[in-house]
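*Asks:* I have a structure here, written as structure tokens, and I will follow up with some questions on it.
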Amino acid sequence: MTLDTIKTRAAQAARQAGRNPDDVTLIAVSKVQPLDRIQSVLTQGQRIFGENKVQEAQSKWPGFRETFAAVDLHLIGPLQTNKARSAMELFNTIHTVDRFKLVNTLIRLAQDIGTCPQLFIQINTGAEQQKAGVLPQEADSLIRAAQDGDLPVVGLMCIPPADLDPAPHFDMLRQIAQRNGLRGLSMGMSGDFETAIAHGATHIRVGSAIFGDRVPA
């Protein structure tokens with residue numbers, strides 16, 4: 001599959017849902033991808049990318065940013081508090097704010113640095129023990145804590161359970177966002193991004209469908 005194919009499918013899904021395709025942001029998930037594949041996608045005009053790990057992103061994106069203008073980098077993997085400052089300095093958006101300790105760290109660092117990336121609160125919609133994200137019943141409190149700390153919370157993110165229909169999880173995320181006055185919905189990956197768009201996704205995170213299978217680290 002190609003970048004253009006994904007863009008076409010995303011636009012069609014948006015139109016079928018009665019939405020403007022321009023309201024859906026495609027994040028090309030470049031984690032664990034060889035530099036030549038990333039450069040190829042950059043050359044095709046894609047500028048919005050997602051990375052899972054701060055250290056991996058630090059090793060490759062400063063160089064790409066010197067060559068390609070206006071790269072918009074999103075952290076879509078778990079963020080440790082001891083990597084928070086580095087993440088804030090490297091990424092334009094962080095999708096994985098998921099606990100009070102991290103919120104408090106980001107508040108302190110934002111005051112110290114004087115700026116902060118856009119933030120999504122990650123919700124563990126399936127209440128899976130092995131997965132990051134605040135539980136749905138604690139989401140409102142975490143969102144409020146971040147907003148009270150003047151953090152730029154723009155939306156919510158989720159990763160539905162792999163073996164279940166994602167639609168109810170996308171609906172849950174949308175409902176939590178609506179009652180908290182948030183518009184951004186980061187949801188949908190290679191296998192379900194069209195369903196996510198139908199349920200209101202504003203950001204879709206597509207990796208293998210653009211780059212091919214990941215290369216093991």
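Every chain in the structure tokens takes a letter, A first, then B, and so on in the order presented; its residues are numbered from 1, and the ligands are numbered from 1 following the presented order.
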Which residues come within 10 Å of A:Pro152, counting only C-alpha atoms, excluding same-chain residues fewer than 3 positions away, as a ChimeraX atom specification?
*Replies:* /A:93,110,115-120,146-147,149,155
*Asks:* Grab the residues selected above and save them as a compact mmCIF listing (two decimals), in the first residue's frame with N, CA and C atoms.
*Replies:*
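Result file follows (out_7.txt):
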# COMPACT_ATOMS: atom_id res chain seq x y z
N THR A 93 3.75 17.31 19.49
CA THR A 93 2.54 16.82 20.15
C THR A 93 2.87 15.52 20.89
N ALA A 110 6.73 22.74 31.88
CA ALA A 110 6.18 23.79 31.03
C ALA A 110 6.45 25.16 31.62
N THR A 115 7.17 26.78 27.46
CA THR A 115 6.31 26.31 26.37
C THR A 115 6.02 24.84 26.59
N CYS A 116 5.05 24.32 25.82
CA CYS A 116 4.68 22.91 25.97
C CYS A 116 4.08 22.42 24.67
N PRO A 117 4.39 21.19 24.26
CA PRO A 117 3.73 20.62 23.08
C PRO A 117 2.23 20.49 23.32
N GLN A 118 1.47 20.33 22.25
CA GLN A 118 0.07 19.98 22.40
C GLN A 118 -0.03 18.59 23.02
N LEU A 119 -1.06 18.36 23.82
CA LEU A 119 -1.17 17.12 24.57
C LEU A 119 -2.50 16.43 24.34
N PHE A 120 -2.44 15.10 24.25
CA PHE A 120 -3.61 14.24 24.28
C PHE A 120 -3.53 13.40 25.55
N ALA A 146 -4.79 18.41 34.33
CA ALA A 146 -3.93 18.96 33.28
C ALA A 146 -4.39 20.36 32.88
N GLN A 147 -5.70 20.53 32.74
CA GLN A 147 -6.23 21.84 32.35
C GLN A 147 -6.01 22.87 33.45
N GLY A 149 -3.60 22.98 35.37
CA GLY A 149 -2.19 23.33 35.33
C GLY A 149 -1.80 24.09 34.08
N GLY A 155 -7.02 17.00 23.19
CA GLY A 155 -7.88 15.87 22.89
C GLY A 155 -7.50 14.63 23.67
*Asks:* Counting only C-alpha atoms, what is within 10 Å of A:Ala69, bar same-chain residues fewer than 3 positions away, as an MDAnalysis selection string?
*Replies:* chainID A and resid 42 47 64:66 72
*Asks:* How about saving the chosen residues, N, CA, C and O atoms kept, as a PDB file, in the first residue's frame?
*Replies:*
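The result, stored in part-v9.pdb:
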ATOM      1  N   LEU A  42       8.949  11.055   3.330  1.00  0.00           N
ATOM      2  CA  LEU A  42       9.185  12.499   3.389  1.00  0.00           C
ATOM      3  C   LEU A  42       9.243  13.101   1.989  1.00  0.00           C
ATOM      4  O   LEU A  42       8.670  14.163   1.723  1.00  0.00           O
ATOM      5  N   ARG A  47       4.659  15.134   6.166  1.00  0.00           N
ATOM      6  CA  ARG A  47       5.441  15.886   7.149  1.00  0.00           C
ATOM      7  C   ARG A  47       5.049  15.573   8.589  1.00  0.00           C
ATOM      8  O   ARG A  47       5.707  16.065   9.511  1.00  0.00           O
ATOM      9  N   PHE A  64      16.738  14.688   9.796  1.00  0.00           N
ATOM     10  CA  PHE A  64      15.681  14.879   8.807  1.00  0.00           C
ATOM     11  C   PHE A  64      15.157  16.308   8.833  1.00  0.00           C
ATOM     12  O   PHE A  64      14.817  16.880   7.794  1.00  0.00           O
ATOM     13  N   ARG A  65      15.092  16.892  10.011  1.00  0.00           N
ATOM     14  CA  ARG A  65      14.565  18.250  10.119  1.00  0.00           C
ATOM     15  C   ARG A  65      15.503  19.271   9.468  1.00  0.00           C
ATOM     16  O   ARG A  65      15.064  20.349   9.065  1.00  0.00           O
ATOM     17  N   GLU A  66      16.764  18.935   9.386  1.00  0.00           N
ATOM     18  CA  GLU A  66      17.697  19.828   8.688  1.00  0.00           C
ATOM     19  C   GLU A  66      17.460  19.806   7.184  1.00  0.00           C
ATOM     20  O   GLU A  66      17.702  20.798   6.496  1.00  0.00           O
ATOM     21  N   ASP A  72       6.500  17.710  11.567  1.00  0.00           N
ATOM     22  CA  ASP A  72       5.614  17.782  12.732  1.00  0.00           C
ATOM     23  C   ASP A  72       5.672  16.417  13.417  1.00  0.00           C
ATOM     24  O   ASP A  72       5.136  15.431  12.900  1.00  0.00           O
TER      25      ASP A  72
END
*Asks:* Within 10 Å of stretch 20-29 of chain A, which residues of stretch 51-117 of chain A show up? Give each one with its shortest atom-to-atom distance in Å (one decimal) and the two atoms involved, counting only C-alpha atoms, rows by chain then rising residue number, as a Markdown table.
*Replies:*
| residue | atom | partner | partner_atom | distance |
| --- | --- | --- | --- | --- |
| A:Glu51 | CA | A:Val29 | CA | 6.2 |
| A:Asn52 | CA | A:Val29 | CA | 8.4 |
| A:Asp72 | CA | A:Ile27 | CA | 9.1 |
| A:Leu73 | CA | A:Ile27 | CA | 8.8 |
| A:His74 | CA | A:Ile27 | CA | 7.8 |
| A:Leu75 | CA | A:Val29 | CA | 9.6 |
| A:Ile76 | CA | A:Val29 | CA | 8.5 |
*Asks:* From the list A:Glu128, A:Glu89, A:Glu56, A:Asp98, which residue is nearest A:Pro34 when using only C-alpha atoms?
*Replies:*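 Looking at the shortest contact to A:Pro34, the residue is A:Glu56.
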*Asks:* Excluding A:Asp140 and any residue of its chain fewer than 2 positions from it, enumerate the residues within 12 Å of it, using only C-alpha atoms, and give them as a CSV table (one decimal) with N, CA, C and O atoms, in the first residue's frame.
*Replies:*
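As written to disk, around20.csv reads:
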chain,number,residue,atom,x,y,z
A,98,ASP,N,-0.9,10.0,30.6
A,98,ASP,CA,-1.8,8.9,31.1
A,98,ASP,C,-1.9,8.8,32.6
A,98,ASP,O,-2.5,7.9,33.1
A,99,ARG,N,-1.2,9.7,33.4
A,99,ARG,CA,-1.2,9.5,34.8
A,99,ARG,C,-0.9,10.9,35.5
A,99,ARG,O,-0.3,11.8,34.9
A,100,PHE,N,-1.3,11.0,36.7
A,100,PHE,CA,-1.2,12.2,37.5
A,100,PHE,C,0.3,12.6,37.6
A,100,PHE,O,0.6,13.8,37.6
A,121,ILE,N,-4.7,13.2,26.2
A,121,ILE,CA,-4.7,12.3,27.3
A,121,ILE,C,-5.1,10.9,26.8
A,121,ILE,O,-6.1,10.7,26.1
A,122,GLN,N,-4.3,9.9,27.2
A,122,GLN,CA,-4.5,8.6,26.7
A,122,GLN,C,-5.5,7.8,27.7
A,122,GLN,O,-5.2,7.8,28.9
A,123,ILE,N,-6.5,7.3,27.1
A,123,ILE,CA,-7.5,6.6,27.9
A,123,ILE,C,-7.4,5.1,27.6
A,123,ILE,O,-7.4,4.7,26.4
A,134,VAL,N,-5.1,6.1,31.3
A,134,VAL,CA,-5.9,6.3,32.5
A,134,VAL,C,-7.2,5.5,32.3
A,134,VAL,O,-7.7,5.5,31.1
A,135,LEU,N,-7.7,5.0,33.3
A,135,LEU,CA,-9.0,4.3,33.2
A,135,LEU,C,-10.1,5.3,32.9
A,135,LEU,O,-10.1,6.4,33.4
A,136,PRO,N,-11.2,4.8,32.2
A,136,PRO,CA,-12.2,5.7,31.8
A,136,PRO,C,-12.9,6.5,33.0
A,136,PRO,O,-13.2,7.7,32.9
A,137,GLN,N,-13.0,5.8,34.1
A,137,GLN,CA,-13.7,6.4,35.3
A,137,GLN,C,-12.8,7.5,36.0
A,137,GLN,O,-13.3,8.3,36.8
A,138,GLU,N,-11.5,7.5,35.6
A,138,GLU,CA,-10.6,8.5,36.2
A,138,GLU,C,-10.2,9.5,35.2
A,138,GLU,O,-9.4,10.5,35.5
A,142,LEU,N,-8.2,13.4,35.6
A,142,LEU,CA,-6.9,13.6,35.0
A,142,LEU,C,-6.9,14.8,34.0
A,142,LEU,O,-6.0,15.6,34.0
A,143,ILE,N,-7.9,14.8,33.2
A,143,ILE,CA,-8.1,15.9,32.2
A,143,ILE,C,-8.2,17.3,33.0
A,143,ILE,O,-7.5,18.3,32.6
A,144,ARG,N,-9.0,17.3,34.0
A,144,ARG,CA,-9.1,18.5,34.8
A,144,ARG,C,-7.8,18.9,35.4
A,144,ARG,O,-7.5,20.1,35.5
A,145,ALA,N,-7.0,18.0,36.0
A,145,ALA,CA,-5.7,18.3,36.6
A,145,ALA,C,-4.8,19.0,35.5
A,145,ALA,O,-4.1,19.9,35.9
A,146,ALA,N,-4.8,18.4,34.3
A,146,ALA,CA,-3.9,19.0,33.3
A,146,ALA,C,-4.4,20.4,32.9
A,146,ALA,O,-3.6,21.3,32.7
A,147,GLN,N,-5.7,20.5,32.7
A,147,GLN,CA,-6.2,21.8,32.4
A,147,GLN,C,-6.0,22.9,33.5
A,147,GLN,O,-5.7,24.0,33.2
A,148,ASP,N,-6.2,22.5,34.7
A,148,ASP,CA,-6.0,23.4,35.8
A,148,ASP,C,-4.5,23.8,35.9
A,148,ASP,O,-4.2,24.9,36.4
A,156,LEU,N,-8.1,13.5,23.2
A,156,LEU,CA,-7.9,12.2,23.9
A,156,LEU,C,-7.4,11.2,22.9
A,156,LEU,O,-7.6,11.3,21.7
A,173,LEU,N,-14.4,7.1,23.7
A,173,LEU,CA,-13.4,8.1,23.7
A,173,LEU,C,-14.1,9.5,23.3
A,173,LEU,O,-13.9,10.5,23.9
A,175,GLN,N,-17.2,10.3,23.6
A,175,GLN,CA,-18.1,10.7,24.7
A,175,GLN,C,-17.4,11.4,25.8
A,175,GLN,O,-17.8,12.5,26.3
A,176,ILE,N,-16.2,10.8,26.2
A,176,ILE,CA,-15.4,11.5,27.2
A,176,ILE,C,-14.9,12.8,26.8
A,176,ILE,O,-14.9,13.8,27.5
A,177,ALA,N,-14.5,12.9,25.5
A,177,ALA,CA,-14.0,14.2,25.0
A,177,ALA,C,-15.1,15.2,25.0
A,177,ALA,O,-14.9,16.4,25.4
A,178,GLN,N,-16.3,14.8,24.5
A,178,GLN,CA,-17.4,15.8,24.4
A,178,GLN,C,-17.7,16.4,25.8
A,178,GLN,O,-18.0,17.6,25.9
A,179,ARG,N,-17.8,15.5,26.8
A,179,ARG,CA,-18.2,16.1,28.1
A,179,ARG,C,-17.1,16.9,28.7
A,179,ARG,O,-17.4,17.6,29.7
A,180,ASN,N,-15.9,16.8,28.2
A,180,ASN,CA,-14.8,17.6,28.7
A,180,ASN,C,-14.5,18.8,27.8
A,180,ASN,O,-13.4,19.5,28.0
A,181,GLY,N,-15.3,19.0,26.8
A,181,GLY,CA,-15.1,20.1,25.8
A,181,GLY,C,-13.8,20.0,25.0
A,181,GLY,O,-13.3,21.0,24.6
A,182,LEU,N,-13.4,18.7,24.7
A,182,LEU,CA,-12.3,18.5,23.8
A,182,LEU,C,-12.7,18.0,22.4
A,182,LEU,O,-13.5,17.2,22.3
*Asks:* With 12 Å as the cut-off and only C-alpha atoms counted, what is the closest atom pair between each nearby residue of stretch 42-67 of chain A and stretch 4-15 of chain A? Distances in Å to one decimal, ordered by chain and number, as JSON lines.
*Replies:*
{"residue": "A:Gln44", "atom": "CA", "partner": "A:Asp4", "partner_atom": "CA", "distance": 8.8}
{"residue": "A:Gly45", "atom": "CA", "partner": "A:Asp4", "partner_atom": "CA", "distance": 10.1}
{"residue": "A:Gln46", "atom": "CA", "partner": "A:Asp4", "partner_atom": "CA", "distance": 9.9}
*Asks:* Mind writing the picked residues with N, CA and C atoms as a compact mmCIF listing (two decimals), in the first residue's frame?
*Replies:*
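Now in again.txt:
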# COMPACT_ATOMS: atom_id res chain seq x y z
N GLN A 44 7.77 12.11 -0.57
CA GLN A 44 6.41 12.13 -1.15
C GLN A 44 5.56 13.26 -0.57
N GLY A 45 6.11 14.00 0.38
CA GLY A 45 5.41 15.17 0.89
C GLY A 45 4.82 15.04 2.28
N GLN A 46 4.89 13.85 2.88
CA GLN A 46 4.37 13.68 4.23
C GLN A 46 5.26 14.41 5.23
